[in-house]
Amino acid sequence: MSEPALGFRSLDLVDPATFVDNDVHGFWRDVRAENPVYWHPATDNNPGFWVVSRYADVQALYHDAALSSERGNVLDVVLRGNDSAGGSMLAVTDGPSHRKLRNLMFSAFTPRALAEVVTNVQLRSTELVSAVVGAGCFDFAAEVAEQIPMNTICDLLSVPSADRRDLLRWNKMALSSDRADSSDLDALSARNEILLYFVELAEERRRKPGDDVISMLASAEVDGVALTVEEIAVNCYSLILGGDETSRISAICAVLALIENPDQWDALRTGAVDVDSAVEEVLRWATPGMHVARTARTGFAIHGHRVEAGDIVTLWNISANNDESVFHQPRRFTLSRSPNKHLSFGHGPHYCLGAFLGRAELRALLTALTAQVTRMELCGKPRPIYSNFVSGYDTLPVRFEMSR
């Protein structure tokens, strides 16, 4: 295997602390320039894997049939061996099975199907922002950002209100932590809790179906065969995990970036920048899902390296979304950026099923902020997330002043 240049060895991409304690964007800038594809060496606990950093390569490999997602699509999982949901969960299913399952689930995520949900998102965002404006210092993460995506996905699944706090707590533990010393066991336990919860809910909806996504899955068939409750549960787990993390972290990063870039906040608030354009820049800037993991089905060559069948290949969205060959001055927060073909929702067959809803949530938040807030300021230090998969903050102490 080709090993990285000496300067790259100091960053262990498996260690969550790496992404808090280092200049990650500086690291990726050097990698893109000097070693755009390299072999991350094995450790005592984990096998080695390929790291792909440039936009063009990441985008192309999202489409490449030589790579499979069925062993897992997150580094922590695929390093341990195989994803137990492989072939059952949409995100870790390939080929014809993936297309059939995606087509089944997509019907619940079309703009027409989500029209009422989006209206509720707009109302919820307005109410949440209204409640904190002029209230002094508060934690935007807890009081606003956490409330929008989790409740939206739970509305789609008709999850009882009493259960949502537990789901949010488990979800925040499943792929990240607010502590540097959190264990893999904590994350595994949280994932299991989510799965067990949805197994029970799927069984209940099979007995008493309603007008929700779980009931739809419980009554659906693929090739004439009904989905098992376990298959329903892992796909609900995927919806909760993806739908909450991406939007919650993007919202937190949006407010922090607007505070740190007052010229951009003024442009958004005065209408000089279109909200839809702002949404895309927030998604690029935040890149909440830093990577996806794949496993090579067959061998192939890339940048002079030979990837062998069975090798783990990681595609780093956080680097691709800051590639200078695609994005001018990528570390400048520019709400009017155009074009802005970021990879925050992935690309190709596995393009995020909830992309429309995620954009709608961010649009509703930014609209609520511009309508009700004149000035935003930090009143404490945000607490970073410890994860090798998601990037962002767990808390954001801020103060909002009211529009006059």
# chains A, B, ... in the order shown; residues from 1 in each chain; ligands from 1

$ closest_atom_pairs --of "region 167-250 of chain A" --to "region 356-375 of chain A" --cutoff "12 Å" --atoms "only C-alpha atoms" --output "tab-separated table"
residue	atom	partner	partner_atom	distance
A:Leu239	CA	A:Leu357	CA	11.4
A:Gly242	CA	A:Gly358	CA	9.6
A:Gly243	CA	A:Gly358	CA	7.1
A:Asp244	CA	A:Gly358	CA	9.0
A:Glu245	CA	A:Gly358	CA	10.2
A:Thr246	CA	A:Gly358	CA	7.5
A:Ser247	CA	A:Gly358	CA	5.8
A:Arg248	CA	A:Leu362	CA	9.1
A:Ile249	CA	A:Leu362	CA	10.5
A:Ser250	CA	A:Leu362	CA	7.7

$ write_last_selection --atoms "C-alpha atoms" --output "mmCIF file, in the first residue's frame"
data_model
loop_
_atom_site.group_PDB
_atom_site.id
_atom_site.type_symbol
_atom_site.label_atom_id
_atom_site.label_comp_id
_atom_site.auth_asym_id
_atom_site.auth_seq_id
_atom_site.Cartn_x
_atom_site.Cartn_y
_atom_site.Cartn_z
ATOM 1 C CA LEU A 239 -34.572 8.387 8.593
ATOM 2 C CA GLY A 242 -30.058 11.285 8.809
ATOM 3 C CA GLY A 243 -33.006 13.634 9.118
ATOM 4 C CA ASP A 244 -32.135 14.892 12.577
ATOM 5 C CA GLU A 245 -28.324 15.136 12.492
ATOM 6 C CA THR A 246 -27.952 16.958 9.175
ATOM 7 C CA SER A 247 -30.584 19.620 9.796
ATOM 8 C CA ARG A 248 -29.825 20.139 13.496
ATOM 9 C CA ILE A 249 -26.093 20.639 12.965
ATOM 10 C CA SER A 250 -26.624 22.753 9.846
#

$ select_by_dssp --residues "region 237-348 of chain A" --states "helix (DSSP H, G or I)" --output "PyMOL selection string"
chain A and resi 237-260+262-269+275-286+317-320+348

$ write_last_selection --atoms "N, CA and C atoms" --output "compact mmCIF listing (two decimals), in the first residue's frame"
# COMPACT_ATOMS: atom_id res chain seq x y z
N TYR A 237 -34.85 3.96 11.53
CA TYR A 237 -33.61 4.38 12.19
C TYR A 237 -32.80 5.28 11.27
N SER A 238 -32.70 4.89 10.01
CA SER A 238 -31.94 5.67 9.03
C SER A 238 -32.56 7.05 8.84
N LEU A 239 -33.89 7.11 8.77
CA LEU A 239 -34.57 8.39 8.59
C LEU A 239 -34.35 9.32 9.78
N ILE A 240 -34.44 8.76 10.99
CA ILE A 240 -34.23 9.55 12.20
C ILE A 240 -32.80 10.05 12.26
N LEU A 241 -31.86 9.14 12.02
CA LEU A 241 -30.44 9.47 12.12
C LEU A 241 -30.06 10.55 11.12
N GLY A 242 -30.42 10.34 9.85
CA GLY A 242 -30.06 11.29 8.81
C GLY A 242 -30.85 12.57 8.89
N GLY A 243 -32.15 12.46 9.12
CA GLY A 243 -33.01 13.63 9.12
C GLY A 243 -32.75 14.58 10.27
N ASP A 244 -32.38 14.04 11.43
CA ASP A 244 -32.13 14.89 12.58
C ASP A 244 -30.74 15.50 12.53
N GLU A 245 -29.70 14.66 12.39
CA GLU A 245 -28.32 15.14 12.49
C GLU A 245 -28.01 16.24 11.48
N THR A 246 -28.32 16.00 10.22
CA THR A 246 -27.95 16.96 9.18
C THR A 246 -28.59 18.32 9.40
N SER A 247 -29.89 18.34 9.65
CA SER A 247 -30.58 19.62 9.80
C SER A 247 -30.24 20.31 11.11
N ARG A 248 -30.14 19.54 12.19
CA ARG A 248 -29.83 20.14 13.50
C ARG A 248 -28.45 20.80 13.47
N ILE A 249 -27.45 20.09 12.98
CA ILE A 249 -26.09 20.64 12.97
C ILE A 249 -25.98 21.78 11.97
N SER A 250 -26.65 21.67 10.83
CA SER A 250 -26.62 22.75 9.85
C SER A 250 -27.22 24.03 10.43
N ALA A 251 -28.31 23.89 11.19
CA ALA A 251 -28.94 25.06 11.79
C ALA A 251 -28.01 25.74 12.79
N ILE A 252 -27.35 24.95 13.61
CA ILE A 252 -26.41 25.50 14.59
C ILE A 252 -25.25 26.20 13.90
N CYS A 253 -24.69 25.55 12.89
CA CYS A 253 -23.58 26.14 12.14
C CYS A 253 -24.02 27.40 11.39
N ALA A 254 -25.27 27.43 10.93
CA ALA A 254 -25.77 28.60 10.22
C ALA A 254 -25.76 29.83 11.11
N VAL A 255 -26.31 29.69 12.31
CA VAL A 255 -26.38 30.84 13.21
C VAL A 255 -24.98 31.28 13.64
N LEU A 256 -24.11 30.33 13.93
CA LEU A 256 -22.74 30.69 14.30
C LEU A 256 -22.04 31.43 13.15
N ALA A 257 -22.19 30.92 11.93
CA ALA A 257 -21.55 31.56 10.78
C ALA A 257 -22.12 32.96 10.53
N LEU A 258 -23.41 33.13 10.72
CA LEU A 258 -24.02 34.45 10.52
C LEU A 258 -23.55 35.45 11.56
N ILE A 259 -23.33 34.97 12.80
CA ILE A 259 -22.81 35.85 13.84
C ILE A 259 -21.37 36.24 13.53
N GLU A 260 -20.58 35.27 13.05
CA GLU A 260 -19.17 35.53 12.76
C GLU A 260 -18.96 36.29 11.46
N PRO A 262 -21.02 39.17 10.03
CA PRO A 262 -22.17 40.10 10.09
C PRO A 262 -22.56 40.70 8.75
N ASP A 263 -21.61 40.80 7.81
CA ASP A 263 -21.97 41.32 6.49
C ASP A 263 -22.93 40.38 5.78
N GLN A 264 -22.74 39.07 6.00
CA GLN A 264 -23.63 38.09 5.38
C GLN A 264 -25.00 38.09 6.05
N TRP A 265 -25.01 38.29 7.36
CA TRP A 265 -26.28 38.39 8.08
C TRP A 265 -27.06 39.61 7.59
N ASP A 266 -26.38 40.72 7.42
CA ASP A 266 -27.05 41.93 6.92
C ASP A 266 -27.60 41.71 5.51
N ALA A 267 -26.81 41.03 4.67
CA ALA A 267 -27.26 40.77 3.30
C ALA A 267 -28.50 39.88 3.28
N LEU A 268 -28.52 38.89 4.16
CA LEU A 268 -29.68 37.99 4.23
C LEU A 268 -30.89 38.71 4.80
N ARG A 269 -30.67 39.46 5.87
CA ARG A 269 -31.78 40.12 6.56
C ARG A 269 -32.44 41.20 5.71
N VAL A 275 -32.82 33.61 0.00
CA VAL A 275 -32.79 32.59 1.06
C VAL A 275 -32.38 31.23 0.52
N ASP A 276 -32.85 30.87 -0.66
CA ASP A 276 -32.49 29.56 -1.23
C ASP A 276 -30.99 29.47 -1.49
N SER A 277 -30.38 30.55 -1.94
CA SER A 277 -28.94 30.58 -2.13
C SER A 277 -28.23 30.44 -0.79
N ALA A 278 -28.76 31.10 0.24
CA ALA A 278 -28.18 31.02 1.58
C ALA A 278 -28.23 29.60 2.12
N VAL A 279 -29.33 28.90 1.87
CA VAL A 279 -29.47 27.51 2.32
C VAL A 279 -28.35 26.65 1.75
N GLU A 280 -28.07 26.80 0.46
CA GLU A 280 -27.03 25.99 -0.17
C GLU A 280 -25.64 26.28 0.42
N GLU A 281 -25.37 27.54 0.70
CA GLU A 281 -24.07 27.88 1.27
C GLU A 281 -23.93 27.36 2.70
N VAL A 282 -25.01 27.40 3.46
CA VAL A 282 -24.97 26.83 4.81
C VAL A 282 -24.66 25.34 4.74
N LEU A 283 -25.32 24.64 3.83
CA LEU A 283 -25.09 23.20 3.70
C LEU A 283 -23.66 22.90 3.30
N ARG A 284 -23.10 23.70 2.39
CA ARG A 284 -21.71 23.49 1.99
C ARG A 284 -20.77 23.82 3.13
N TRP A 285 -20.99 24.96 3.76
CA TRP A 285 -20.12 25.45 4.81
C TRP A 285 -20.09 24.48 6.00
N ALA A 286 -21.26 24.01 6.38
CA ALA A 286 -21.35 23.13 7.55
C ALA A 286 -20.88 21.70 7.23
N ASN A 317 -16.55 14.30 2.12
CA ASN A 317 -17.36 15.43 1.68
C ASN A 317 -16.82 16.76 2.21
N ILE A 318 -16.32 16.75 3.44
CA ILE A 318 -15.84 17.98 4.05
C ILE A 318 -14.66 18.56 3.27
N SER A 319 -13.87 17.69 2.65
CA SER A 319 -12.77 18.16 1.81
C SER A 319 -13.29 18.56 0.43
N ALA A 320 -14.12 17.72 -0.16
CA ALA A 320 -14.66 18.01 -1.50
C ALA A 320 -15.41 19.34 -1.52
N GLY A 348 -25.50 10.86 -6.77
CA GLY A 348 -25.76 9.59 -7.43
C GLY A 348 -26.87 8.78 -6.79

$ residues_around --residues "Trp170 (chain A)" --least-positions-apart "3" --cutoff "10 Å" --atoms "only C-alpha atoms" --output "MDAnalysis selection string"
chainID A and resid 164:167 173:175 186:194 241

$ closest_residue --among "A:Asp57, A:Asp311, A:Glu127, A:Asp12" --to "Asp323 (chain A)" --atoms "only C-alpha atoms"
A:Asp57

$ residues_around --residues "Ala293 (chain A)" --least-positions-apart "2" --cutoff "8 Å" --atoms "only C-alpha atoms" --output "NGL selection string"
:A and (69 or 72-75 or 78 or 291 or 295 or 312-315)

$ closest_residue --among "A:His342, A:Arg337, A:Arg102, A:Arg399" --to "Asn322 (chain A)" --atoms "only C-alpha atoms"
A:His342

$ select_by_dssp --residues "region 38-285 of chain A" --states "strand (DSSP E or B)" --output "MDAnalysis selection string"
chainID A and resid 38:40 49:52 67:68 138:139 177 221:222 225:226

$ residues_around --residues "Gly310 (chain A)" --least-positions-apart "3" --cutoff "12 Å" --atoms "only C-alpha atoms" --output "ChimeraX atom specification"
/A:47-50,66-71,78-79,81-82,294-300,307,313

$ closest_residue --among "A:Arg29, A:Val213, A:Glu203, A:Arg332" --to "Thr228 (chain A)" --atoms "only C-alpha atoms"
A:Glu203

$ residues_around --residues "Ser97 (chain A)" --least-positions-apart "2" --cutoff "12 Å" --atoms "only C-alpha atoms" --output "VMD selection string"
chain A and resid 70 86 to 95 99 to 104 222 to 223 349

$ closest_residue --among "A:Ser215, A:Thr152, A:Gln147, A:Ser130" --to "Ala233 (chain A)" --atoms "only C-alpha atoms"
A:Ser215

$ atom_distance --atom1 "CA of Val234 (chain A)" --atom2 "CA of Val199 (chain A)"
8.4 Å

$ atom_distance --atom1 "CA of Phe27 (chain A)" --atom2 "CA of Val77 (chain A)"
24.0 Å

$ closest_residue --among "A:Glu230, A:Glu401, A:Asp64, A:Glu221" --to "Leu201 (chain A)" --atoms "only C-alpha atoms"
A:Glu230
